[in-house]
Amino acid sequence: MKTEPLVPSGPQAIYRVATHAAGPAGRLPLTPEDLRTRPSGDLFGMTQNAAMGWNPAELKRSHFLILSTQGGLRDAAGQPVALGYHTGHWEISELVGDAARELQRLGAIPFAGYCSDPCDGRTQGTPGMMDSLPYRNDAAQIFGRLIRSLPTTRGVLGVATCDKGLPAMMMALAGARSLPVVLVPGGVTLPPESGEDAAAIQSIGARFTHGLITLEQAAEWGCRACATPGGGCQFLGTAATAQVVGEALGLTVPHAALAPSGFPVWHDLAVRSARALVRLQKRGLTSASILTEASLHNAMTVFAAFGGSTNLLLHLPAIAHAAGLPRPTVEDWRRILQQTPRLVSVLPNGPVHHPTVRVFLAGGVPEVMLHLRRLGLLQTEALTVLGATVEKVLDAWEKSLRRRKFRRLLQELDGVAPEEVILPPEQAAERGLAGTLLFPRGNLMPEGAVIKSTAVDPKLLDAQGIYHHEAPVKVFVSEAAAMEAIRQRRIVAGDIMVIAGIGPMGTGMEETYQVTSALKYLPYGGKVALLTDGRFSGVSTGVCIGHIGPEALAGGPIGKLRDGDVVRIHLDMRRLEGTVDMVGEKGRAVSPAHGTSILQRRKMRADLAPHPRLPAATRLWAALQSASGGAWGGAVFDVETICEKLAAATRK
């Protein structure tokens, strides 16, 4: 290969340049009043708009902003020029285009801004995971700044799909309290005709290491796990759950969550959303009109009925905080989850592992809400972005041709009855669909903890639906050390693993799916319990108790555990109640009171420390969110609280 000169002369075409241009034809539609009263920024903005090619005669149209998490670059045929981080943001530029064209048709000027998002699947087991949760807050701030930096905007349309980008978008829309807002969830990718879904495929390394799959199987299944190029994963993980919650909050048009990416129904959502945004603006209905305590209640209730990802325990409080609403507490979650039946049979909870596209065809969020309304569990006076109440929207959905045709399609395409995916409450009870989450109490978790009760193997429960296990613990202070123990087969059935020091202050509260997926697909993995101050992927399964607070590096008792300490886990899956306590040491169990006294006397482990590669920006985020209520407060920056603490510190 010929060596290129350090300063190449290049092709002759590069020397064809100009130093002046004629500029756009026409005139800005200015009046004397404009020049006397409007800010200079408004006037200069008109100059910029003309420069970008907008017809100067039409510059006084209303401005609307479309924000998205678009990533990658595709050519006109949809082929990659530069890849995105994941399928979830790969196609949504098309939604932006659909919405923009509709806004133009409605006589508005659309603007578009972008802040792309990472992929939690791509960063599993890597230092990239330390930026995952902090990214959410950063992106929400960027979206908020972009909204405020277009002071002429009359409303905001947010397009997002996946684990952190979508919660960030909802936080930003919630914070734009004086503007009309509409959310467009970016839909889901389809499952392959043969092979594995995007959740199972993330464990191919662990399964190959244990001889459970061949190299050929790993290579073939891994190639086609995401069968279409756009949309979030096919299971009810954090991405899909966030889409469901966005619709339940009233932020989307009806039947928006979980649409198959790239299909006509998906494109139609963007068009309907643009129309809804303009109608909201004309009626003077803003984000504050939609996001209320009633809508927050509905979102938590729908979350419970779907059996959603534990990560929404972080995101819903953050959205509420941005909206100026009280953040839900552990007791609020406990109350809602105990009174709400689970109605959806979907990956990864089952009992039948239907992909999320089937949930959409079965009627999606409005179909679930019909059942919840019949049970009297919704606050139907809440407004939606249609400007109509939940009550009126559900009345319209129940009678709609759209509902009948999509439910019929599910039967025709997959031979599945809609009632097998979204179960009526009576049928769900007969099938034994238990509540989704359980919030145990105990001396290891003064602030709280959570376990996805639907993820526990029913074979581990007794006739009364109780899981009881007591064993000495094996303690690790990093996910890497825990994974190494699994690979070396030092973890066996009946073990209780503890991973401490991986909360926000340790690793940015990394997602421990690398560990939980390995346990899920190993023959003995279901009989191993895990305690951690980290968080889990929405698709994690097993006896995994996470979000333990306070985290170890904030002084939480989990950071005082030693190998051989005895922990007792008692979980009632029917009543959704339980306890997790340290009850003794050196392999000898006594009582929770005895364990509490031991923990009170002990110092923290000497080997606890933030990860050596923890980014400085993540350390700052961790400190700020810790001062603002920590993970159970949504891991957000509570500005008033932080300012008060800083002021108090300076007075000392």
# chains A, B, ... in the order shown; residues from 1 in each chain; ligands from 1
>>> closest_atom_pairs(of="segment 201-239 of chain A", to="segment 158-178 of chain A", cutoff="9 Å", atoms="only C-alpha atoms", output="JSON lines")
{"residue": "A:Gly231", "atom": "CA", "partner": "A:Thr161", "partner_atom": "CA", "distance": 6.9}
{"residue": "A:Gly232", "atom": "CA", "partner": "A:Cys162", "partner_atom": "CA", "distance": 5.8}
{"residue": "A:Cys233", "atom": "CA", "partner": "A:Cys162", "partner_atom": "CA", "distance": 8.4}
{"residue": "A:Gly237", "atom": "CA", "partner": "A:Asp163", "partner_atom": "CA", "distance": 8.1}
{"residue": "A:Thr238", "atom": "CA", "partner": "A:Asp163", "partner_atom": "CA", "distance": 5.2}
{"residue": "A:Ala239", "atom": "CA", "partner": "A:Cys162", "partner_atom": "CA", "distance": 4.3}
>>> write_last_selection(atoms="N, CA, C and O atoms", output="mmCIF file, in the first residue's frame")
data_model
loop_
_atom_site.group_PDB
_atom_site.id
_atom_site.type_symbol
_atom_site.label_atom_id
_atom_site.label_comp_id
_atom_site.auth_asym_id
_atom_site.auth_seq_id
_atom_site.Cartn_x
_atom_site.Cartn_y
_atom_site.Cartn_z
ATOM 1 N N GLY A 231 -35.962 -1.077 16.760
ATOM 2 C CA GLY A 231 -36.822 -1.348 17.907
ATOM 3 C C GLY A 231 -36.071 -1.897 19.095
ATOM 4 O O GLY A 231 -34.956 -2.408 18.990
ATOM 5 N N GLY A 232 -36.702 -1.798 20.269
ATOM 6 C CA GLY A 232 -36.139 -2.351 21.493
ATOM 7 C C GLY A 232 -36.266 -3.857 21.541
ATOM 8 O O GLY A 232 -36.927 -4.479 20.694
ATOM 9 N N CYS A 233 -35.650 -4.472 22.528
ATOM 10 C CA CYS A 233 -35.612 -5.935 22.636
ATOM 11 C C CYS A 233 -37.010 -6.537 22.766
ATOM 12 O O CYS A 233 -37.960 -5.878 23.192
ATOM 13 N N GLY A 237 -38.243 -6.085 29.216
ATOM 14 C CA GLY A 237 -37.155 -5.556 30.016
ATOM 15 C C GLY A 237 -37.402 -4.085 30.282
ATOM 16 O O GLY A 237 -38.533 -3.592 30.207
ATOM 17 N N THR A 238 -36.332 -3.360 30.542
ATOM 18 C CA THR A 238 -36.486 -1.951 30.890
ATOM 19 C C THR A 238 -37.012 -1.138 29.720
ATOM 20 O O THR A 238 -37.854 -0.249 29.894
ATOM 21 N N ALA A 239 -36.544 -1.410 28.499
ATOM 22 C CA ALA A 239 -36.981 -0.642 27.332
ATOM 23 C C ALA A 239 -38.480 -0.794 27.114
ATOM 24 O O ALA A 239 -39.217 0.192 26.995
#
>>> select_by_dssp(residues="segment 119-243 of chain A", states="strand (DSSP E)", output="JSON, numbers by chain")
{"A": [153, 154, 155, 156, 157, 158, 159, 160, 181, 182, 183, 184, 185]}
>>> select_by_dssp(residues="segment 509-565 of chain A", states="alpha helix (DSSP H)", output="PyMOL selection string")
chain A and resi 513-521
>>> closest_atom_pairs(of="segment 141-258 of chain A", to="segment 363-385 of chain A", cutoff="8 Å", atoms="only C-alpha atoms", output="CSV")
residue,atom,partner,partner_atom,distance
A:Val181,CA,A:Val385,CA,7.6
A:Val182,CA,A:Val385,CA,6.4
A:Val244,CA,A:Val365,CA,6.4
A:Glu247,CA,A:Val365,CA,7.0
A:Ala248,CA,A:Val365,CA,6.9
A:Leu249,CA,A:Thr384,CA,7.6
A:Gly250,CA,A:Thr384,CA,4.1
A:Leu251,CA,A:Val385,CA,5.6
A:Thr252,CA,A:Val385,CA,6.2
A:Val253,CA,A:Val385,CA,6.4
A:Pro254,CA,A:Pro366,CA,6.8
A:His255,CA,A:Gly364,CA,6.2
A:Ala257,CA,A:Gly364,CA,7.0
A:Leu258,CA,A:Gly364,CA,7.4
>>> closest_residue(among="A:Ser453, A:Thr209, A:Thr340, A:Thr596", to="Pro425 of chain A", atoms="only C-alpha atoms")
A:Thr340
>>> atom_distance(atom1="atom CA of Met52 of chain A", atom2="atom CA of Ala140 of chain A")
27.1 Å
>>> closest_atom_pairs(of="segment 494-574 of chain A", to="segment 584-592 of chain A", cutoff="12 Å", atoms="only C-alpha atoms", output="JSON lines")
{"residue": "A:Lys560", "atom": "CA", "partner": "A:Glu585", "partner_atom": "CA", "distance": 11.6}
{"residue": "A:Leu561", "atom": "CA", "partner": "A:Glu585", "partner_atom": "CA", "distance": 9.2}
{"residue": "A:Arg562", "atom": "CA", "partner": "A:Glu585", "partner_atom": "CA", "distance": 8.3}
{"residue": "A:Asp563", "atom": "CA", "partner": "A:Lys586", "partner_atom": "CA", "distance": 8.0}
{"residue": "A:Gly564", "atom": "CA", "partner": "A:Lys586", "partner_atom": "CA", "distance": 4.9}
{"residue": "A:Asp565", "atom": "CA", "partner": "A:Glu585", "partner_atom": "CA", "distance": 4.0}
{"residue": "A:Val566", "atom": "CA", "partner": "A:Gly584", "partner_atom": "CA", "distance": 5.0}
{"residue": "A:Val567", "atom": "CA", "partner": "A:Gly584", "partner_atom": "CA", "distance": 7.3}
{"residue": "A:Arg568", "atom": "CA", "partner": "A:Pro592", "partner_atom": "CA", "distance": 8.4}
{"residue": "A:Ile569", "atom": "CA", "partner": "A:Pro592", "partner_atom": "CA", "distance": 10.9}
{"residue": "A:His570", "atom": "CA", "partner": "A:Pro592", "partner_atom": "CA", "distance": 11.9}
>>> write_last_selection(atoms="C-alpha atoms", output="compact mmCIF listing (two decimals), in the first residue's frame")
# COMPACT_ATOMS: atom_id res chain seq x y z
CA LYS A 560 -20.23 -5.48 56.64
CA LEU A 561 -20.93 -9.05 55.53
CA ARG A 562 -18.10 -11.63 55.61
CA ASP A 563 -17.78 -15.08 54.08
CA GLY A 564 -19.53 -17.57 56.34
CA ASP A 565 -22.07 -15.14 57.79
CA VAL A 566 -25.47 -16.80 57.81
CA VAL A 567 -28.33 -15.08 55.99
CA ARG A 568 -31.96 -16.12 56.24
CA ILE A 569 -34.27 -15.38 53.29
CA HIS A 570 -38.02 -15.77 53.84
>>> closest_residue(among="A:Met509, A:Ile499, A:Leu316, A:Ala18", to="Leu133 of chain A", atoms="only C-alpha atoms")
A:Met509
>>> closest_residue(among="A:Val636, A:Ala200, A:Ala529, A:Leu106", to="Ala320 of chain A", atoms="only C-alpha atoms")
A:Val636
>>> residues_around(residues="Leu620 of chain A", least_positions_apart="5", cutoff="10 Å", atoms="only C-alpha atoms", output="VMD selection string")
chain A and resid 134 505 615 625 to 626
>>> closest_residue(among="A:Ala99, A:Ala259, A:Ile66, A:Ile319", to="Glu293 of chain A", atoms="only C-alpha atoms")
A:Ile319
>>> atom_distance(atom1="atom CA of Pro326 of chain A", atom2="atom CA of Gln339 of chain A")
20.5 Å
>>> residues_around(residues="segment 350-359 of chain A", least_positions_apart="2", cutoff="7 Å", atoms="only C-alpha atoms", output="PDB file with N, CA, C and O atoms, in the first residue's frame")
ATOM      1  N   VAL A 188     -40.595  -2.118  19.017  1.00  0.00           N
ATOM      2  CA  VAL A 188     -39.821  -3.321  19.346  1.00  0.00           C
ATOM      3  C   VAL A 188     -39.323  -4.009  18.079  1.00  0.00           C
ATOM      4  O   VAL A 188     -39.909  -3.885  17.008  1.00  0.00           O
ATOM      5  N   LEU A 190     -38.515  -7.652  16.108  1.00  0.00           N
ATOM      6  CA  LEU A 190     -39.226  -8.924  16.057  1.00  0.00           C
ATOM      7  C   LEU A 190     -38.308 -10.075  16.450  1.00  0.00           C
ATOM      8  O   LEU A 190     -37.085 -10.002  16.269  1.00  0.00           O
ATOM      9  N   GLN A 234     -37.104  -7.849  22.453  1.00  0.00           N
ATOM     10  CA  GLN A 234     -38.406  -8.504  22.325  1.00  0.00           C
ATOM     11  C   GLN A 234     -39.032  -8.907  23.646  1.00  0.00           C
ATOM     12  O   GLN A 234     -40.121  -9.490  23.665  1.00  0.00           O
ATOM     13  N   PHE A 235     -38.377  -8.608  24.748  1.00  0.00           N
ATOM     14  CA  PHE A 235     -38.878  -9.032  26.052  1.00  0.00           C
ATOM     15  C   PHE A 235     -39.282  -7.816  26.881  1.00  0.00           C
ATOM     16  O   PHE A 235     -38.945  -6.679  26.548  1.00  0.00           O
ATOM     17  N   LEU A 236     -39.992  -8.072  27.970  1.00  0.00           N
ATOM     18  CA  LEU A 236     -40.447  -6.981  28.832  1.00  0.00           C
ATOM     19  C   LEU A 236     -39.329  -6.615  29.795  1.00  0.00           C
ATOM     20  O   LEU A 236     -39.422  -6.821  31.000  1.00  0.00           O
ATOM     21  N   LEU A 258     -44.843  -0.670  22.209  1.00  0.00           N
ATOM     22  CA  LEU A 258     -44.512  -2.022  21.734  1.00  0.00           C
ATOM     23  C   LEU A 258     -44.904  -2.277  20.282  1.00  0.00           C
ATOM     24  O   LEU A 258     -44.969  -3.430  19.843  1.00  0.00           O
ATOM     25  N   ALA A 259     -45.132  -1.239  19.481  1.00  0.00           N
ATOM     26  CA  ALA A 259     -45.423  -1.430  18.062  1.00  0.00           C
ATOM     27  C   ALA A 259     -44.187  -1.980  17.347  1.00  0.00           C
ATOM     28  O   ALA A 259     -43.058  -1.627  17.693  1.00  0.00           O
ATOM     29  N   PRO A 260     -44.370  -2.847  16.344  1.00  0.00           N
ATOM     30  CA  PRO A 260     -43.212  -3.395  15.627  1.00  0.00           C
ATOM     31  C   PRO A 260     -42.524  -2.331  14.787  1.00  0.00           C
ATOM     32  O   PRO A 260     -43.142  -1.715  13.912  1.00  0.00           O
ATOM     33  N   SER A 345     -48.851 -12.241  30.020  1.00  0.00           N
ATOM     34  CA  SER A 345     -47.962 -13.399  29.880  1.00  0.00           C
ATOM     35  C   SER A 345     -46.970 -13.090  28.764  1.00  0.00           C
ATOM     36  O   SER A 345     -47.332 -13.069  27.583  1.00  0.00           O
ATOM     37  N   VAL A 346     -45.716 -12.845  29.128  1.00  0.00           N
ATOM     38  CA  VAL A 346     -44.746 -12.314  28.172  1.00  0.00           C
ATOM     39  C   VAL A 346     -43.346 -12.698  28.630  1.00  0.00           C
ATOM     40  O   VAL A 346     -43.118 -13.009  29.802  1.00  0.00           O
ATOM     41  N   LEU A 347     -42.400 -12.670  27.696  1.00  0.00           N
ATOM     42  CA  LEU A 347     -40.990 -12.795  28.070  1.00  0.00           C
ATOM     43  C   LEU A 347     -40.614 -11.672  29.033  1.00  0.00           C
ATOM     44  O   LEU A 347     -41.030 -10.530  28.817  1.00  0.00           O
ATOM     45  N   PRO A 348     -39.830 -11.880  30.084  1.00  0.00           N
ATOM     46  CA  PRO A 348     -39.257 -13.151  30.525  1.00  0.00           C
ATOM     47  C   PRO A 348     -40.058 -13.816  31.637  1.00  0.00           C
ATOM     48  O   PRO A 348     -39.658 -14.845  32.141  1.00  0.00           O
ATOM     49  N   LEU A 361     -50.252  -6.704  19.644  1.00  0.00           N
ATOM     50  CA  LEU A 361     -51.374  -7.192  18.846  1.00  0.00           C
ATOM     51  C   LEU A 361     -52.571  -7.549  19.716  1.00  0.00           C
ATOM     52  O   LEU A 361     -53.726  -7.384  19.300  1.00  0.00           O
ATOM     53  N   ALA A 362     -52.312  -8.021  20.920  1.00  0.00           N
ATOM     54  CA  ALA A 362     -53.403  -8.387  21.830  1.00  0.00           C
ATOM     55  C   ALA A 362     -54.116  -7.168  22.402  1.00  0.00           C
ATOM     56  O   ALA A 362     -55.144  -7.317  23.070  1.00  0.00           O
ATOM     57  N   GLY A 363     -53.602  -5.981  22.128  1.00  0.00           N
ATOM     58  CA  GLY A 363     -54.260  -4.759  22.594  1.00  0.00           C
ATOM     59  C   GLY A 363     -53.389  -3.866  23.431  1.00  0.00           C
ATOM     60  O   GLY A 363     -53.775  -2.733  23.738  1.00  0.00           O
ATOM     61  N   GLY A 364     -52.217  -4.361  23.828  1.00  0.00           N
ATOM     62  CA  GLY A 364     -51.250  -3.524  24.520  1.00  0.00           C
ATOM     63  C   GLY A 364     -51.778  -2.855  25.775  1.00  0.00           C
ATOM     64  O   GLY A 364     -52.617  -3.403  26.503  1.00  0.00           O
ATOM     65  N   LEU A 410     -53.484 -11.301  15.591  1.00  0.00           N
ATOM     66  CA  LEU A 410     -52.670 -12.165  16.445  1.00  0.00           C
ATOM     67  C   LEU A 410     -53.079 -13.622  16.269  1.00  0.00           C
ATOM     68  O   LEU A 410     -52.226 -14.516  16.160  1.00  0.00           O
ATOM     69  N   VAL A 421     -52.459 -13.903  26.000  1.00  0.00           N
ATOM     70  CA  VAL A 421     -51.343 -12.972  26.184  1.00  0.00           C
ATOM     71  C   VAL A 421     -51.688 -11.926  27.244  1.00  0.00           C
ATOM     72  O   VAL A 421     -50.917 -11.688  28.177  1.00  0.00           O
ATOM     73  N   ILE A 422     -52.841 -11.291  27.079  1.00  0.00           N
ATOM     74  CA  ILE A 422     -53.368 -10.374  28.097  1.00  0.00           C
ATOM     75  C   ILE A 422     -54.580 -11.064  28.707  1.00  0.00           C
ATOM     76  O   ILE A 422     -55.639 -11.141  28.100  1.00  0.00           O
TER      77      ILE A 422
END
>>> atom_distance(atom1="atom CA of Val456 of chain A", atom2="atom CA of Asn349 of chain A")
9.4 Å
>>> closest_residue(among="A:Gly542, A:Glu470, A:Val450, A:Arg605", to="Gly501 of chain A", atoms="only C-alpha atoms")
A:Arg605
>>> decode(residues="segment 437-477 of chain A", atoms="N, CA and C atoms", output="compact mmCIF listing (two decimals), in the first residue's frame")
# COMPACT_ATOMS: atom_id res chain seq x y z
N LEU A 437 -43.42 -7.80 41.98
CA LEU A 437 -42.28 -7.45 42.80
C LEU A 437 -42.60 -7.61 44.28
N LEU A 438 -41.57 -7.94 45.02
CA LEU A 438 -41.67 -8.08 46.47
C LEU A 438 -40.57 -7.22 47.08
N PHE A 439 -40.92 -6.46 48.12
CA PHE A 439 -39.97 -5.57 48.77
C PHE A 439 -39.69 -6.09 50.17
N PRO A 440 -38.64 -6.89 50.32
CA PRO A 440 -38.36 -7.47 51.64
C PRO A 440 -37.83 -6.44 52.62
N ARG A 441 -38.02 -6.72 53.89
CA ARG A 441 -37.45 -5.92 54.97
C ARG A 441 -36.36 -6.75 55.65
N GLY A 442 -35.54 -6.11 56.45
CA GLY A 442 -34.54 -6.86 57.19
C GLY A 442 -33.37 -6.01 57.61
N ASN A 443 -32.48 -6.62 58.41
CA ASN A 443 -31.37 -5.84 58.98
C ASN A 443 -30.27 -5.54 57.98
N LEU A 444 -30.36 -6.11 56.76
CA LEU A 444 -29.38 -5.80 55.73
C LEU A 444 -29.83 -4.67 54.81
N MET A 445 -31.05 -4.22 54.95
CA MET A 445 -31.63 -3.28 53.99
C MET A 445 -32.55 -2.26 54.67
N PRO A 446 -32.00 -1.38 55.50
CA PRO A 446 -32.83 -0.40 56.20
C PRO A 446 -33.67 0.48 55.27
N GLU A 447 -33.13 0.81 54.07
CA GLU A 447 -33.87 1.68 53.17
C GLU A 447 -34.75 0.91 52.19
N GLY A 448 -34.46 -0.36 52.00
CA GLY A 448 -35.28 -1.13 51.08
C GLY A 448 -34.46 -2.05 50.20
N ALA A 449 -35.18 -2.94 49.51
CA ALA A 449 -34.61 -3.86 48.54
C ALA A 449 -35.77 -4.39 47.71
N VAL A 450 -35.48 -5.06 46.62
CA VAL A 450 -36.54 -5.57 45.76
C VAL A 450 -36.11 -6.90 45.15
N ILE A 451 -37.11 -7.76 44.95
CA ILE A 451 -36.90 -9.00 44.20
C ILE A 451 -38.04 -9.15 43.22
N LYS A 452 -37.73 -9.57 42.02
CA LYS A 452 -38.77 -9.84 41.03
C LYS A 452 -39.35 -11.22 41.34
N SER A 453 -40.48 -11.23 42.03
CA SER A 453 -41.04 -12.49 42.53
C SER A 453 -41.45 -13.42 41.40
N THR A 454 -41.82 -12.87 40.26
CA THR A 454 -42.20 -13.71 39.13
C THR A 454 -41.01 -14.45 38.54
N ALA A 455 -39.82 -14.03 38.88
CA ALA A 455 -38.62 -14.63 38.31
C ALA A 455 -38.10 -15.81 39.12
N VAL A 456 -38.75 -16.11 40.26
CA VAL A 456 -38.32 -17.22 41.11
C VAL A 456 -38.98 -18.51 40.63
N ASP A 457 -38.19 -19.54 40.45
CA ASP A 457 -38.70 -20.84 39.99
C ASP A 457 -39.76 -21.36 40.97
N PRO A 458 -40.99 -21.60 40.49
CA PRO A 458 -42.04 -22.11 41.39
C PRO A 458 -41.67 -23.39 42.12
N LYS A 459 -40.75 -24.18 41.55
CA LYS A 459 -40.33 -25.42 42.19
C LYS A 459 -39.61 -25.17 43.52
N LEU A 460 -39.13 -23.92 43.71
CA LEU A 460 -38.43 -23.59 44.95
C LEU A 460 -39.39 -23.18 46.06
N LEU A 461 -40.68 -23.08 45.75
CA LEU A 461 -41.67 -22.64 46.73
C LEU A 461 -42.38 -23.84 47.35
N ASP A 462 -42.82 -23.67 48.60
CA ASP A 462 -43.60 -24.74 49.22
C ASP A 462 -45.07 -24.60 48.83
N ALA A 463 -45.92 -25.42 49.40
CA ALA A 463 -47.33 -25.45 49.02
C ALA A 463 -48.03 -24.13 49.30
N GLN A 464 -47.50 -23.34 50.22
CA GLN A 464 -48.10 -22.04 50.56
C GLN A 464 -47.48 -20.88 49.77
N GLY A 465 -46.61 -21.21 48.79
CA GLY A 465 -45.99 -20.17 47.98
C GLY A 465 -44.86 -19.46 48.68
N ILE A 466 -44.19 -20.13 49.60
CA ILE A 466 -43.13 -19.51 50.39
C ILE A 466 -41.76 -20.05 49.98
N TYR A 467 -40.84 -19.13 49.81
CA TYR A 467 -39.43 -19.48 49.60
C TYR A 467 -38.70 -19.23 50.90
N HIS A 468 -38.06 -20.27 51.43
CA HIS A 468 -37.30 -20.11 52.68
C HIS A 468 -35.94 -20.77 52.48
N HIS A 469 -34.91 -19.99 52.74
CA HIS A 469 -33.55 -20.52 52.58
C HIS A 469 -32.62 -19.83 53.57
N GLU A 470 -31.74 -20.62 54.14
CA GLU A 470 -30.78 -20.11 55.11
C GLU A 470 -29.44 -20.77 54.82
N ALA A 471 -28.40 -19.95 54.67
CA ALA A 471 -27.09 -20.52 54.32
C ALA A 471 -26.00 -19.50 54.59
N PRO A 472 -24.76 -19.99 54.74
CA PRO A 472 -23.61 -19.07 54.81
C PRO A 472 -23.43 -18.36 53.47
N VAL A 473 -22.97 -17.13 53.51
CA VAL A 473 -22.84 -16.35 52.29
C VAL A 473 -21.42 -16.42 51.74
N LYS A 474 -21.31 -16.19 50.44
CA LYS A 474 -20.04 -15.99 49.76
C LYS A 474 -20.05 -14.56 49.23
N VAL A 475 -19.12 -13.74 49.72
CA VAL A 475 -19.18 -12.31 49.48
C VAL A 475 -18.14 -11.90 48.43
N PHE A 476 -18.56 -11.06 47.51
CA PHE A 476 -17.69 -10.50 46.47
C PHE A 476 -17.88 -8.99 46.46
N VAL A 477 -16.81 -8.28 46.13
CA VAL A 477 -16.91 -6.82 46.09
C VAL A 477 -16.77 -6.29 44.66
